[in-house]
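The structure file start_35.txt is reproduced below (compact mmCIF, C-alpha atoms and all ligand atoms).
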```txt
# COMPACT_ATOMS: atom_id res chain seq x y z
CA MET P 14 0.00 0.00 0.00
CA LYS P 15 1.21 3.47 -0.79
CA GLU P 16 2.22 5.66 2.15
CA ASN P 17 -0.53 8.18 1.36
CA ASP P 18 -3.26 5.54 1.60
CA VAL P 19 -2.42 4.49 5.14
CA MET P 20 -4.42 7.10 7.03
CA GLY P 21 -7.49 6.53 4.88
CA PHE P 22 -7.20 2.76 5.14
CA LEU P 23 -6.91 2.85 8.94
CA ASN P 24 -9.75 5.33 9.33
CA GLU P 25 -12.09 3.52 6.96
CA ILE P 26 -11.52 -0.14 7.70
CA GLY P 27 -13.35 0.04 11.07
CA GLY P 28 -16.48 1.34 9.30
CA LYS P 29 -16.32 -1.45 6.72
CA PHE P 30 -16.20 -4.19 9.36
CA PRO P 31 -18.33 -2.88 12.24
CA LYS P 32 -18.34 -6.22 14.06
CA ALA P 33 -14.56 -6.38 14.18
CA ILE P 34 -12.65 -5.18 17.23
CA SER P 35 -10.27 -2.53 15.99
CA PHE P 36 -6.74 -2.00 17.31
CA ALA P 37 -6.07 0.16 14.23
CA SER P 38 -6.74 3.73 15.20
CA GLY P 39 -4.76 5.59 17.86
CA ARG P 40 -7.66 7.87 18.71
CA PRO P 41 -8.11 9.05 22.29
CA ASP P 42 -11.02 7.63 24.31
CA ASN P 43 -13.96 10.06 24.03
CA ARG P 44 -15.13 9.22 27.58
CA PHE P 45 -12.45 11.67 28.72
CA PHE P 46 -13.20 14.58 26.40
CA LYS P 47 -14.88 16.85 29.03
CA LEU P 48 -16.51 18.89 26.25
CA LYS P 49 -19.37 20.37 28.28
CA GLU P 50 -17.00 21.32 31.09
CA SER P 51 -14.66 23.01 28.58
CA LEU P 52 -17.46 25.00 26.94
CA THR P 53 -18.84 26.00 30.34
CA LEU P 54 -15.47 27.47 31.25
CA LEU P 55 -15.57 29.56 28.08
CA LEU P 56 -19.16 30.62 28.70
CA GLU P 57 -18.32 31.72 32.23
CA LEU P 58 -15.43 33.77 30.91
CA LEU P 59 -17.80 35.64 28.59
CA GLU P 60 -20.55 36.01 31.19
CA ASN P 61 -18.13 37.40 33.77
CA ASP P 62 -17.03 40.18 31.45
CA THR P 63 -18.31 43.39 33.06
CA SER P 64 -16.81 45.79 30.54
CA SER P 65 -19.35 47.96 28.68
CA THR P 66 -17.45 47.42 25.44
CA GLY P 67 -17.50 43.61 25.46
CA ASP P 68 -13.74 43.26 25.78
CA MET P 69 -13.88 39.53 26.28
CA ALA P 70 -16.06 39.01 23.21
CA THR P 71 -13.51 41.00 21.21
CA LEU P 72 -10.65 38.95 22.58
CA VAL P 73 -12.38 35.63 21.96
CA GLY P 74 -14.13 36.42 18.71
CA GLN P 75 -11.74 38.63 16.75
CA TYR P 76 -8.79 38.00 14.50
CA ASN P 77 -5.64 37.89 16.57
CA ARG P 78 -1.84 37.63 16.64
CA ALA P 79 -0.47 34.94 14.31
CA GLN P 80 1.90 33.79 17.08
CA GLY P 81 -1.02 33.16 19.46
CA ILE P 82 -2.23 34.79 22.64
CA ILE P 83 -2.03 32.27 25.49
CA GLN P 84 1.75 32.10 25.95
CA GLU P 85 1.50 33.19 29.58
CA SER P 86 -0.75 30.24 30.49
CA LEU P 87 1.50 27.81 28.61
CA LYS P 88 4.56 29.16 30.38
CA LYS P 89 2.86 28.44 33.73
CA TYR P 90 1.93 24.95 32.54
CA TYR P 91 5.53 24.06 31.61
CA LYS P 92 6.74 25.39 34.95
CA THR P 93 4.08 23.48 36.92
CA ASP P 94 4.25 20.11 35.20
CA TYR P 95 7.90 19.95 34.17
CA ASN P 96 9.63 22.58 36.31
CA TRP P 97 10.72 23.98 32.97
CA GLU P 98 11.33 27.71 32.43
CA VAL P 99 10.09 28.62 28.98
CA ASN P 100 10.24 32.10 27.56
CA GLU P 101 6.82 33.42 26.47
CA LYS P 102 8.29 35.08 23.38
CA ASP P 103 9.61 31.70 22.19
CA ILE P 104 6.16 30.06 22.04
CA LEU P 105 4.09 29.78 18.86
CA ILE P 106 0.58 28.30 18.92
CA THR P 107 -0.29 26.28 15.84
CA VAL P 108 -3.29 24.45 14.41
CA GLY P 109 -2.20 21.06 15.74
CA ALA P 110 1.22 19.49 15.48
CA GLN P 111 0.55 18.98 11.78
CA GLU P 112 0.75 22.71 11.06
CA ALA P 113 3.97 22.94 13.08
CA MET P 114 5.48 20.16 10.92
CA ALA P 115 4.55 22.05 7.77
CA LEU P 116 5.93 25.38 9.05
CA ALA P 117 9.20 23.90 10.32
CA ILE P 118 9.87 21.98 7.10
CA GLN P 119 8.97 25.06 5.09
CA VAL P 120 11.32 27.47 6.84
CA ILE P 121 14.23 25.15 7.64
CA CYS P 122 14.47 23.26 4.35
CA GLU P 123 14.19 26.41 2.22
CA ASN P 124 12.11 25.01 -0.63
CA GLY P 125 14.00 21.76 -0.94
CA LYS P 126 17.54 23.16 -0.62
CA TYR P 127 17.94 20.86 2.40
CA ALA P 128 16.62 17.37 3.18
CA VAL P 129 14.74 16.06 6.22
CA ALA P 130 15.28 12.76 8.04
CA PHE P 131 12.81 10.78 10.12
CA GLU P 132 12.49 7.57 12.12
CA ASP P 133 11.28 4.64 10.06
CA PRO P 134 8.60 3.59 10.92
CA SER P 135 7.10 6.79 12.26
CA TYR P 136 4.02 9.05 12.28
CA ILE P 137 3.67 9.78 8.58
CA GLY P 138 2.37 13.37 8.89
CA PHE P 139 5.96 14.65 8.86
CA SER P 140 7.44 12.60 6.00
CA LYS P 141 4.30 12.98 3.93
CA TYR P 142 4.33 16.78 4.14
CA ALA P 143 8.00 16.81 3.08
CA ASN P 144 7.21 14.48 0.19
CA LEU P 145 4.21 16.54 -0.99
CA THR P 146 6.24 19.73 -1.06
CA GLY P 147 9.21 18.22 -2.89
CA VAL P 148 11.58 18.15 0.10
CA GLU P 149 13.83 15.08 0.04
CA GLY P 150 13.12 12.68 2.91
CA VAL P 151 15.69 10.28 4.30
CA ASN P 152 14.37 7.37 6.35
CA ILE P 153 16.44 6.20 9.32
CA PRO P 154 15.73 2.68 10.59
CA MET P 155 15.29 1.80 14.25
CA ASP P 156 17.82 -0.22 16.26
CA ALA P 157 17.10 -3.05 18.71
CA THR P 158 15.61 -0.58 21.23
CA ASN P 159 13.00 0.39 18.62
CA THR P 160 14.38 3.92 18.58
CA LEU P 161 16.39 5.80 15.97
CA ASP P 162 19.62 4.07 14.87
CA LEU P 163 22.15 6.85 15.39
CA ASN P 164 24.95 5.11 13.47
CA HIS P 165 22.72 4.98 10.44
CA LEU P 166 21.75 8.63 10.95
CA GLU P 167 25.41 9.62 11.06
CA GLU P 168 26.09 7.71 7.85
CA GLN P 169 23.17 9.39 6.10
CA LEU P 170 24.25 12.84 7.32
CA LYS P 171 27.59 12.31 5.59
CA ILE P 172 26.08 10.84 2.41
CA GLN P 173 23.56 13.67 2.05
CA PHE P 174 26.25 16.28 2.67
CA GLU P 175 28.41 14.80 -0.06
CA LYS P 176 25.40 14.69 -2.38
CA GLY P 177 24.96 18.43 -1.89
CA LYS P 178 21.60 18.04 -0.14
CA PRO P 179 22.43 18.13 3.59
CA ILE P 180 19.88 16.96 6.17
CA LYS P 181 18.81 20.07 8.07
CA LEU P 182 15.85 18.80 10.09
CA VAL P 183 15.42 15.46 11.88
CA ASN P 184 12.02 14.37 13.19
CA ILE P 185 12.00 12.47 16.47
CA ILE P 186 9.21 11.24 18.76
CA PRO P 187 11.20 10.39 21.90
CA ASP P 188 8.25 9.82 24.24
CA PHE P 189 6.15 6.73 23.46
CA GLN P 190 6.69 6.86 19.73
CA ASN P 191 3.97 6.24 17.18
CA PRO P 192 3.87 3.41 16.06
CA THR P 193 6.36 1.58 18.33
CA GLY P 194 5.38 3.01 21.75
CA ALA P 195 9.11 3.16 22.60
CA LEU P 196 10.85 5.64 24.90
CA MET P 197 14.15 7.01 23.63
CA PRO P 198 16.89 6.29 26.22
CA LEU P 199 18.54 9.26 27.95
CA GLU P 200 21.96 8.55 26.44
CA LYS P 201 20.49 8.67 22.97
CA ARG P 202 18.74 11.98 23.71
CA LYS P 203 22.12 13.44 24.64
CA LYS P 204 23.97 11.86 21.73
CA ILE P 205 21.54 13.15 19.12
CA LEU P 206 22.09 16.68 20.40
CA GLU P 207 25.84 16.22 19.99
CA LEU P 208 25.26 15.04 16.44
CA ALA P 209 23.07 18.06 15.74
CA GLU P 210 25.92 20.33 16.79
CA GLU P 211 28.53 18.39 14.85
CA PHE P 212 26.55 18.12 11.61
CA ASP P 213 24.63 21.39 11.90
CA PHE P 214 21.03 20.18 11.84
CA TYR P 215 17.90 20.84 13.91
CA LEU P 216 15.58 18.44 15.68
CA PHE P 217 11.82 18.49 15.47
CA GLU P 218 10.76 16.93 18.78
CA ASP P 219 7.18 15.78 18.40
CA ASN P 220 5.52 15.17 21.76
CA ALA P 221 1.96 13.91 21.50
CA TYR P 222 2.12 11.15 24.14
CA GLY P 223 4.68 12.17 26.80
CA ILE P 224 1.99 13.17 29.26
CA PHE P 225 0.62 9.61 29.22
CA GLN P 226 3.46 8.00 31.16
CA TYR P 227 2.04 5.46 33.57
CA GLU P 228 5.20 4.21 35.30
CA GLY P 229 8.97 4.67 35.56
CA GLU P 230 11.15 7.72 35.81
CA ARG P 231 10.28 10.60 33.49
CA LEU P 232 13.11 11.45 31.11
CA PRO P 233 13.81 15.07 30.21
CA PHE P 234 12.53 16.19 26.83
CA VAL P 235 15.38 16.53 24.33
CA LYS P 236 14.53 20.24 24.32
CA GLN P 237 15.16 20.39 28.06
CA LEU P 238 18.69 19.08 27.45
CA ASP P 239 19.31 21.44 24.56
CA THR P 240 21.90 24.04 25.52
CA SER P 241 22.75 25.14 21.98
CA ASN P 242 19.34 25.88 20.43
CA ARG P 243 19.07 22.82 18.25
CA VAL P 244 15.52 21.66 19.05
CA ILE P 245 12.07 22.81 18.02
CA TYR P 246 9.73 21.27 20.60
CA VAL P 247 6.14 20.64 19.56
CA GLU P 248 3.39 19.46 21.88
CA SER P 249 0.03 18.46 20.49
CA PHE P 250 -3.07 18.91 22.66
CA SER P 251 -5.11 16.49 20.53
CA LYS P 252 -4.64 13.64 23.00
CA SER P 253 -4.29 15.54 26.28
CA LEU P 254 -7.53 17.50 25.58
CA PHE P 255 -9.43 16.31 22.50
CA PRO P 256 -8.48 16.27 18.79
CA SER P 257 -11.00 18.91 17.67
CA ILE P 258 -9.18 21.54 19.75
CA ARG P 259 -6.67 21.43 16.81
CA MET P 260 -3.88 23.01 18.76
CA ALA P 261 -0.19 22.56 19.52
CA SER P 262 2.43 24.57 21.34
CA VAL P 263 5.76 25.12 19.57
CA ILE P 264 8.84 26.16 21.51
CA CYS P 265 11.49 27.59 19.21
CA PRO P 266 13.82 30.11 20.88
CA THR P 267 14.13 33.31 18.90
CA GLU P 268 17.90 32.79 18.93
CA MET P 269 17.50 29.86 16.51
CA THR P 270 18.33 31.43 13.17
CA ASP P 271 19.26 30.58 9.60
CA GLU P 272 22.70 31.43 8.24
CA ASN P 273 21.59 35.00 7.55
CA GLY P 274 20.58 35.49 11.17
CA VAL P 275 16.83 35.40 10.49
CA SER P 276 14.91 33.81 13.37
CA TYR P 277 13.16 30.55 12.45
CA LEU P 278 10.33 31.42 14.82
CA LYS P 279 9.80 34.75 13.10
CA ARG P 280 9.75 33.02 9.70
CA MET P 281 7.25 30.40 10.92
CA VAL P 282 4.97 33.14 12.28
CA GLU P 283 5.22 34.96 8.96
CA PHE P 284 4.24 31.84 7.01
CA LYS P 285 1.47 30.96 9.43
CA GLY P 286 -0.04 34.39 8.91
CA TYR P 287 -0.59 33.48 5.26
CA VAL P 288 -1.79 29.92 5.86
CA THR P 289 -4.14 29.91 8.87
CA VAL P 290 -3.92 33.63 9.86
CA ASN P 291 -4.06 32.69 13.53
CA THR P 292 -4.96 29.62 15.56
CA SER P 293 -8.63 29.85 16.57
CA THR P 294 -8.74 32.30 19.48
CA LEU P 295 -11.88 30.57 20.72
CA ASN P 296 -9.95 27.32 21.07
CA GLN P 297 -6.92 29.04 22.57
CA MET P 298 -9.16 30.53 25.26
CA ILE P 299 -10.66 27.10 25.98
CA LEU P 300 -7.17 25.68 26.54
CA SER P 301 -6.16 28.65 28.64
CA GLU P 302 -9.29 28.35 30.84
CA ILE P 303 -8.74 24.59 31.24
CA LEU P 304 -5.16 25.28 32.32
CA LYS P 305 -6.29 27.96 34.79
CA SER P 306 -9.00 25.75 36.29
CA SER P 307 -6.55 22.85 36.74
CA ASN P 308 -3.87 24.98 38.42
CA TYR P 309 -1.81 24.80 35.24
CA SER P 310 -1.29 21.06 35.48
CA LEU P 311 -2.31 18.98 32.47
CA ARG P 312 -0.76 15.98 34.18
CA GLU P 313 -3.32 16.37 36.95
CA TYR P 314 -6.07 17.01 34.37
CA ASN P 315 -5.12 13.76 32.58
CA LYS P 316 -4.62 11.64 35.69
CA LEU P 317 -7.68 9.41 35.16
CA LYS P 318 -6.85 9.00 31.48
CA VAL P 319 -3.36 7.82 32.40
CA GLN P 320 -4.74 5.30 34.93
CA ASP P 321 -7.21 4.10 32.32
CA LEU P 322 -4.47 3.62 29.71
CA ARG P 323 -2.39 1.69 32.20
CA SER P 324 -5.23 -0.70 33.00
CA LYS P 325 -5.87 -1.14 29.28
CA ARG P 326 -2.20 -1.95 28.72
CA ASP P 327 -2.36 -4.47 31.59
CA ALA P 328 -5.54 -6.08 30.21
CA LEU P 329 -3.93 -6.34 26.78
CA ILE P 330 -0.70 -7.88 28.05
CA GLY P 331 -2.63 -10.23 30.37
CA ALA P 332 -4.70 -11.48 27.43
CA LEU P 333 -1.58 -11.92 25.27
CA GLN P 334 0.12 -13.94 28.03
CA GLU P 335 -2.93 -16.12 28.49
CA ASN P 336 -3.54 -16.85 24.81
CA ALA P 337 -0.09 -16.89 23.20
CA SER P 338 0.68 -20.44 24.38
CA SER P 339 -1.94 -21.78 21.97
CA LEU P 340 0.35 -20.81 19.08
CA ASP P 341 2.97 -23.18 17.72
CA TYR P 342 5.65 -20.47 17.86
CA ALA P 343 6.78 -18.01 20.53
CA LEU P 344 5.04 -14.67 20.24
CA SER P 345 6.72 -11.63 21.77
CA TRP P 346 5.48 -8.12 22.45
CA SER P 347 6.67 -4.82 23.91
CA THR P 348 5.68 -3.50 27.33
CA PRO P 349 5.10 0.23 26.85
CA HIS P 350 5.44 2.43 29.93
CA GLY P 351 3.24 5.10 28.46
CA GLY P 352 1.29 6.14 25.39
CA PHE P 353 -1.28 4.39 23.22
CA PHE P 354 0.65 1.64 21.39
CA LEU P 355 2.09 -1.82 21.88
CA ILE P 356 3.85 -3.87 19.22
CA VAL P 357 3.68 -7.63 18.70
CA LYS P 358 6.46 -9.39 16.78
CA THR P 359 5.23 -12.05 14.38
CA PRO P 360 7.46 -14.69 12.74
CA PHE P 361 6.08 -13.79 9.32
CA GLU P 362 5.13 -10.63 7.49
CA ILE P 363 1.49 -9.55 7.72
CA THR P 364 0.23 -8.22 4.40
CA GLN P 365 -2.60 -5.82 3.66
CA GLU P 366 -4.58 -8.81 2.41
CA ASP P 367 -4.04 -10.52 5.79
CA VAL P 368 -5.45 -7.43 7.50
CA LEU P 369 -8.60 -7.71 5.40
CA THR P 370 -8.89 -11.45 6.10
CA ALA P 371 -8.45 -10.85 9.84
CA ALA P 372 -11.15 -8.14 9.72
CA SER P 373 -13.69 -10.06 7.65
CA GLU P 374 -13.21 -13.59 8.95
CA PHE P 375 -11.73 -13.19 12.45
CA ASN P 376 -13.33 -9.91 13.57
CA VAL P 377 -10.11 -8.17 14.48
CA ILE P 378 -8.33 -5.18 12.91
CA PHE P 379 -4.72 -4.14 13.52
CA SER P 380 -1.93 -2.32 11.67
CA PRO P 381 1.21 -4.02 10.37
CA LEU P 382 4.17 -1.83 11.32
CA HIS P 383 5.26 -1.56 7.70
CA PHE P 384 2.15 0.59 7.05
CA PHE P 385 4.07 3.37 8.83
CA ALA P 386 7.41 2.77 7.11
CA THR P 387 8.80 4.27 3.94
CA ASN P 388 11.14 1.27 3.64
CA PRO P 389 8.84 -1.62 4.60
CA ILE P 390 11.39 -4.39 4.00
CA ASP P 391 11.57 -7.08 6.65
CA ILE P 392 9.33 -5.45 9.23
CA LYS P 393 7.51 -8.32 10.90
CA SER P 394 5.53 -6.65 13.65
CA ILE P 395 2.06 -5.29 14.15
CA ARG P 396 0.88 -2.25 16.11
CA LEU P 397 -1.95 -2.63 18.58
CA ALA P 398 -3.50 0.72 19.53
CA PHE P 399 -5.30 0.20 22.83
CA SER P 400 -6.39 3.74 23.75
CA GLU P 401 -10.01 3.49 22.63
CA LEU P 402 -11.00 -0.06 23.61
CA SER P 403 -12.56 -1.25 26.88
CA PRO P 404 -10.66 -3.99 28.79
CA GLU P 405 -13.38 -6.51 27.76
CA LYS P 406 -12.98 -5.61 24.10
CA LEU P 407 -9.20 -5.79 24.43
CA VAL P 408 -9.44 -9.36 25.75
CA GLN P 409 -11.88 -10.39 23.03
CA GLY P 410 -9.71 -8.66 20.43
CA VAL P 411 -6.63 -10.61 21.55
CA ASN P 412 -8.63 -13.90 21.37
CA ASN P 413 -9.59 -13.05 17.81
CA LEU P 414 -6.04 -12.02 16.94
CA ILE P 415 -4.55 -15.27 18.23
CA THR P 416 -7.15 -17.30 16.32
CA PHE P 417 -6.18 -15.39 13.17
CA LEU P 418 -2.44 -15.91 13.78
CA ASN P 419 -3.05 -19.66 14.29
CA HIS P 420 -4.95 -19.77 11.01
CA LYS P 421 -2.18 -17.88 9.19
CA SER P 422 0.50 -20.13 10.65
CA HIS P 423 -1.32 -23.33 9.55
CA GLU P 424 -1.99 -21.87 6.13
CA ARG P 425 1.75 -21.31 5.62
CA LYS P 426 2.62 -24.95 6.32
C1 LIG X 1 3.36 11.33 16.89
C2 LIG X 1 2.19 12.16 16.48
N1 LIG X 1 2.36 13.46 16.21
C3 LIG X 1 1.34 14.25 15.85
C4 LIG X 1 0.06 13.74 15.74
C5 LIG X 1 -1.06 14.65 15.28
O1 LIG X 1 -1.11 15.79 16.05
P1 LIG X 1 -2.21 16.93 15.75
O2 LIG X 1 -3.56 16.31 15.92
O3 LIG X 1 -1.90 17.93 16.83
O4 LIG X 1 -1.97 17.46 14.39
C6 LIG X 1 -0.17 12.41 16.00
C7 LIG X 1 -1.53 11.85 15.86
O5 LIG X 1 -1.82 10.70 15.90
C8 LIG X 1 0.92 11.58 16.39
O6 LIG X 1 0.76 10.28 16.64
```

With the file now loaded, output its structure as structure tokens.
Ligand SMILES: Cc1ncc(COP(=O)(O)O)c(C=O)c1O
Amino acid sequence: MKENDVMGFLNEIGGKFPKAISFASGRPDNRFFKLKESLTLLLELLENDTSSTGDMATLVGQYNRAQGIIQESLKKYYKTDYNWEVNEKDILITVGAQEAMALAIQVICENGKYAVAFEDPSYIGFSKYANLTGVEGVNIPMDATNTLDLNHLEEQLKIQFEKGKPIKLVNIIPDFQNPTGALMPLEKRKKILELAEEFDFYLFEDNAYGIFQYEGERLPFVKQLDTSNRVIYVESFSKSLFPSIRMASVICPTEMTDENGVSYLKRMVEFKGYVTVNTSTLNQMILSEILKSSNYSLREYNKLKVQDLRSKRDALIGALQENASSLDYALSWSTPHGGFFLIVKTPFEITQEDVLTAASEFNVIFSPLHFFATNPIDIKSIRLAFSELSPEKLVQGVNNLITFLNHKSHERK
């Protein structure tokens, strides 16, 4: 399947097989959306406005600064949850992480003068945007820890430099990566910063799942280790609030500049002004009111969601342990300490046709890992997204999956 069909396939297959239990989509569980509560906060803000000129209505309803208007609240959030001092002037508020990817690739790669690199497999929003706009993309495979292979990255940095198309931006998802669910080790976070200095590139740190850590020590974001302005940090609020908020916070210090001394942040704001004008002020105010009402802690706000994800992960692993012995080969799987995804290693490749067979005959849907890879050779694992399913469905889904794998294994003999 072509890379550009993946999103559509994953979104549509559930609708085509409504009886099947779907591990395909990494959507957040809507039981935690708190929509009415969020809108009530906004309503109260408007009702409490005592000005005769409707100042709050102007603030909420009007066009506004392209860079965004809730930097002060976000600064307090980073201080509260991560004890991290962020400068308000360095924050840009975008329409989801997707817009941030587009803006960063646009301003750093200078219309294809430079290439981008990304983990393979990875969230395809980044590589796909580069591909659509004619920016060369270099895929970097994972090593045994299921995180970026830095030796391979180093090799590619040299090759691309010699080719006259240096890699200028590298996409990483260090916290509970999509699709592998892996956490990038601390040593690797430090090493990649050294490489960025040595080979003069920037990192796009995509954090959509870091807040959903259910156990273990929290590792610093790569941006928190960055002493030489090499990282653009991007945090999506699609999973920590709800996807329709369409918002992300970008931290890109104004000191990060191109070779002519022009600030990347300034350039991104300039571009944004001609793409989305500004991120919906209505939505920015909802986020800001949510932050205020939760004492600026999104970790606290997401506490129940994190507990829920942990019990889902436990139910999933419990069911795998219970059922895997019925197979005539050893099945292995990852144990994620956060996020929405777990991967199961299979002894054979699972094709798109297998996915359709599993959905239509065995009532289970999942995503082979090669769906998320630009170089799908020899990837024999599947991704199970467990964020949206109840523990009962997870158990039933694993039963169905094991029955399918048994069928596939016998068929191959
Ligand atoms: C790693 C990663 N980054 C970004 C996104 C999308 O973020 P947004 O909805 O803010 O555009 C996703 C969505 O699944 C994701 O998995």

task: Might you pull out every residue within 9 Å of Gly150 of chain P, with all atoms listed in the file counted and same-chain residues fewer than 6 positions away left off, and present them as an MDAnalysis selection string?
output: chainID P and resid 128:131 140:141 143:144 180

- request: Determine the nearest neighbour of Asn77 of chain P from the options P:Leu232, P:Met298, P:Ala117, P:Met269, counting only C-alpha atoms.
  value: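 With only C-alpha atoms as the atom set, the closest residue is P:Met298.
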
Quick one: residues within 12 Å of Gln173 of chain P, all atoms listed in the file, excluding same-chain residues fewer than 3 positions away - as a tab-separated table (two decimals) with C-alpha atoms, keeping the file's coordinate frame?
```
chain	number	residue	atom	x	y	z
P	126	LYS	CA	17.54	23.16	-0.62
P	127	TYR	CA	17.94	20.86	2.40
P	128	ALA	CA	16.62	17.37	3.18
P	129	VAL	CA	14.74	16.06	6.22
P	130	ALA	CA	15.28	12.76	8.04
P	149	GLU	CA	13.83	15.08	0.04
P	150	GLY	CA	13.12	12.68	2.91
P	151	VAL	CA	15.69	10.28	4.30
P	152	ASN	CA	14.37	7.37	6.35
P	166	LEU	CA	21.75	8.63	10.95
P	167	GLU	CA	25.41	9.62	11.06
P	168	GLU	CA	26.09	7.71	7.85
P	169	GLN	CA	23.17	9.39	6.10
P	170	LEU	CA	24.25	12.84	7.32
P	176	LYS	CA	25.40	14.69	-2.38
P	177	GLY	CA	24.96	18.43	-1.89
P	178	LYS	CA	21.60	18.04	-0.14
P	179	PRO	CA	22.43	18.13	3.59
P	180	ILE	CA	19.88	16.96	6.17
P	181	LYS	CA	18.81	20.07	8.07
P	212	PHE	CA	26.55	18.12	11.61
```

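Of the listed residues (P:Leu254, P:Cys122, P:Leu55, P:Leu418), P:Leu418 comes nearest to Ala337 of chain P; the distances count all atoms listed in the file.
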
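Distance check against Ile415 of chain P using only C-alpha atoms: of P:Ser380, P:Thr364, P:Ser338, P:Ser51, the minimum falls on P:Ser338.
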
field: Distance filter 8 Å around ligand LIG 1 (chain X), atoms: only C-alpha atoms and all ligand atoms, out as a list in words
entry: Gly39, Arg40, Val108, Gly109, Ala110, Gln111, Glu112, Ser135, Tyr136, Gly138, Ile186, Gln190, Asn191, Pro192, Asp219, Asn220, Ala221, Tyr222, Glu248, Ser249, Phe250, Ser251, Lys252, Pro256, Arg259, Met260 and Ala261 of chain P

task: Can you work out the spacing between atom CA of Gly21 of chain P and atom CA of Ala195 of chain P in Å, to one decimal?
output: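 Value for the atom CA of Gly21 of chain P-atom CA of Ala195 of chain P distance: 24.5 Å.
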
Quick one: which segment 30-84 of chain P residues come within 10 Å of segment 303-327 of chain P, and what is the nearest atom pair for each with the distance in Å to one decimal, counting all atoms listed in the file, rows ordered by chain and ascending number, as a Markdown table?
```
| residue | atom | partner | partner_atom | distance |
| --- | --- | --- | --- | --- |
| P:Pro41 | CA | P:Lys318 | CA | 9.3 |
| P:Asp42 | CA | P:Lys318 | CA | 8.4 |
| P:Arg44 | CA | P:Lys318 | CA | 9.2 |
| P:Phe45 | CA | P:Lys318 | CA | 6.8 |
| P:Phe46 | CA | P:Lys318 | CA | 9.9 |
| P:Glu50 | CA | P:Ile303 | CA | 8.9 |
| P:Ser51 | CA | P:Ile303 | CA | 6.7 |
| P:Leu52 | CA | P:Ile303 | CA | 9.7 |
| P:Leu54 | CA | P:Ile303 | CA | 7.3 |
| P:Leu55 | CA | P:Ile303 | CA | 9.0 |
```

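The smallest atom-to-atom distance between Ala398 of chain P and any of P:Phe375, P:Ser38, P:Ser339, P:Leu23, using only C-alpha atoms, is found for P:Ser38.
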
Final N, CA, C and O atoms of segment 363-373 of chain P as a PDB file, in the frame of the given file:
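What follows is the written file selection.pdb:
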```
ATOM      1  N   ILE P 363       2.945  -9.638   7.834  1.00  0.00           N
ATOM      2  CA  ILE P 363       1.490  -9.550   7.720  1.00  0.00           C
ATOM      3  C   ILE P 363       1.188  -8.575   6.580  1.00  0.00           C
ATOM      4  O   ILE P 363       1.590  -7.404   6.645  1.00  0.00           O
ATOM      5  N   THR P 364       0.500  -9.060   5.573  1.00  0.00           N
ATOM      6  CA  THR P 364       0.230  -8.220   4.400  1.00  0.00           C
ATOM      7  C   THR P 364      -1.091  -7.459   4.574  1.00  0.00           C
ATOM      8  O   THR P 364      -1.879  -7.759   5.472  1.00  0.00           O
ATOM      9  N   GLN P 365      -1.326  -6.560   3.628  1.00  0.00           N
ATOM     10  CA  GLN P 365      -2.600  -5.820   3.660  1.00  0.00           C
ATOM     11  C   GLN P 365      -3.775  -6.785   3.456  1.00  0.00           C
ATOM     12  O   GLN P 365      -4.834  -6.628   4.061  1.00  0.00           O
ATOM     13  N   GLU P 366      -3.546  -7.809   2.640  1.00  0.00           N
ATOM     14  CA  GLU P 366      -4.580  -8.810   2.410  1.00  0.00           C
ATOM     15  C   GLU P 366      -4.894  -9.567   3.711  1.00  0.00           C
ATOM     16  O   GLU P 366      -6.049  -9.860   4.013  1.00  0.00           O
ATOM     17  N   ASP P 367      -3.839  -9.865   4.484  1.00  0.00           N
ATOM     18  CA  ASP P 367      -4.040 -10.520   5.790  1.00  0.00           C
ATOM     19  C   ASP P 367      -4.909  -9.654   6.694  1.00  0.00           C
ATOM     20  O   ASP P 367      -5.751 -10.152   7.446  1.00  0.00           O
ATOM     21  N   VAL P 368      -4.672  -8.341   6.644  1.00  0.00           N
ATOM     22  CA  VAL P 368      -5.450  -7.430   7.500  1.00  0.00           C
ATOM     23  C   VAL P 368      -6.936  -7.532   7.133  1.00  0.00           C
ATOM     24  O   VAL P 368      -7.808  -7.598   8.010  1.00  0.00           O
ATOM     25  N   LEU P 369      -7.197  -7.594   5.841  1.00  0.00           N
ATOM     26  CA  LEU P 369      -8.600  -7.710   5.400  1.00  0.00           C
ATOM     27  C   LEU P 369      -9.198  -9.054   5.787  1.00  0.00           C
ATOM     28  O   LEU P 369     -10.344  -9.128   6.232  1.00  0.00           O
ATOM     29  N   THR P 370      -8.408 -10.127   5.679  1.00  0.00           N
ATOM     30  CA  THR P 370      -8.890 -11.450   6.100  1.00  0.00           C
ATOM     31  C   THR P 370      -9.191 -11.445   7.596  1.00  0.00           C
ATOM     32  O   THR P 370     -10.241 -11.936   8.045  1.00  0.00           O
ATOM     33  N   ALA P 371      -8.257 -10.885   8.375  1.00  0.00           N
ATOM     34  CA  ALA P 371      -8.450 -10.850   9.840  1.00  0.00           C
ATOM     35  C   ALA P 371      -9.729 -10.070  10.172  1.00  0.00           C
ATOM     36  O   ALA P 371     -10.502 -10.476  11.049  1.00  0.00           O
ATOM     37  N   ALA P 372      -9.965  -8.969   9.448  1.00  0.00           N
ATOM     38  CA  ALA P 372     -11.150  -8.140   9.720  1.00  0.00           C
ATOM     39  C   ALA P 372     -12.429  -8.858   9.325  1.00  0.00           C
ATOM     40  O   ALA P 372     -13.400  -8.896  10.095  1.00  0.00           O
ATOM     41  N   SER P 373     -12.433  -9.482   8.143  1.00  0.00           N
ATOM     42  CA  SER P 373     -13.690 -10.060   7.650  1.00  0.00           C
ATOM     43  C   SER P 373     -13.983 -11.426   8.239  1.00  0.00           C
ATOM     44  O   SER P 373     -15.125 -11.757   8.519  1.00  0.00           O
TER      45      SER P 373
END
```
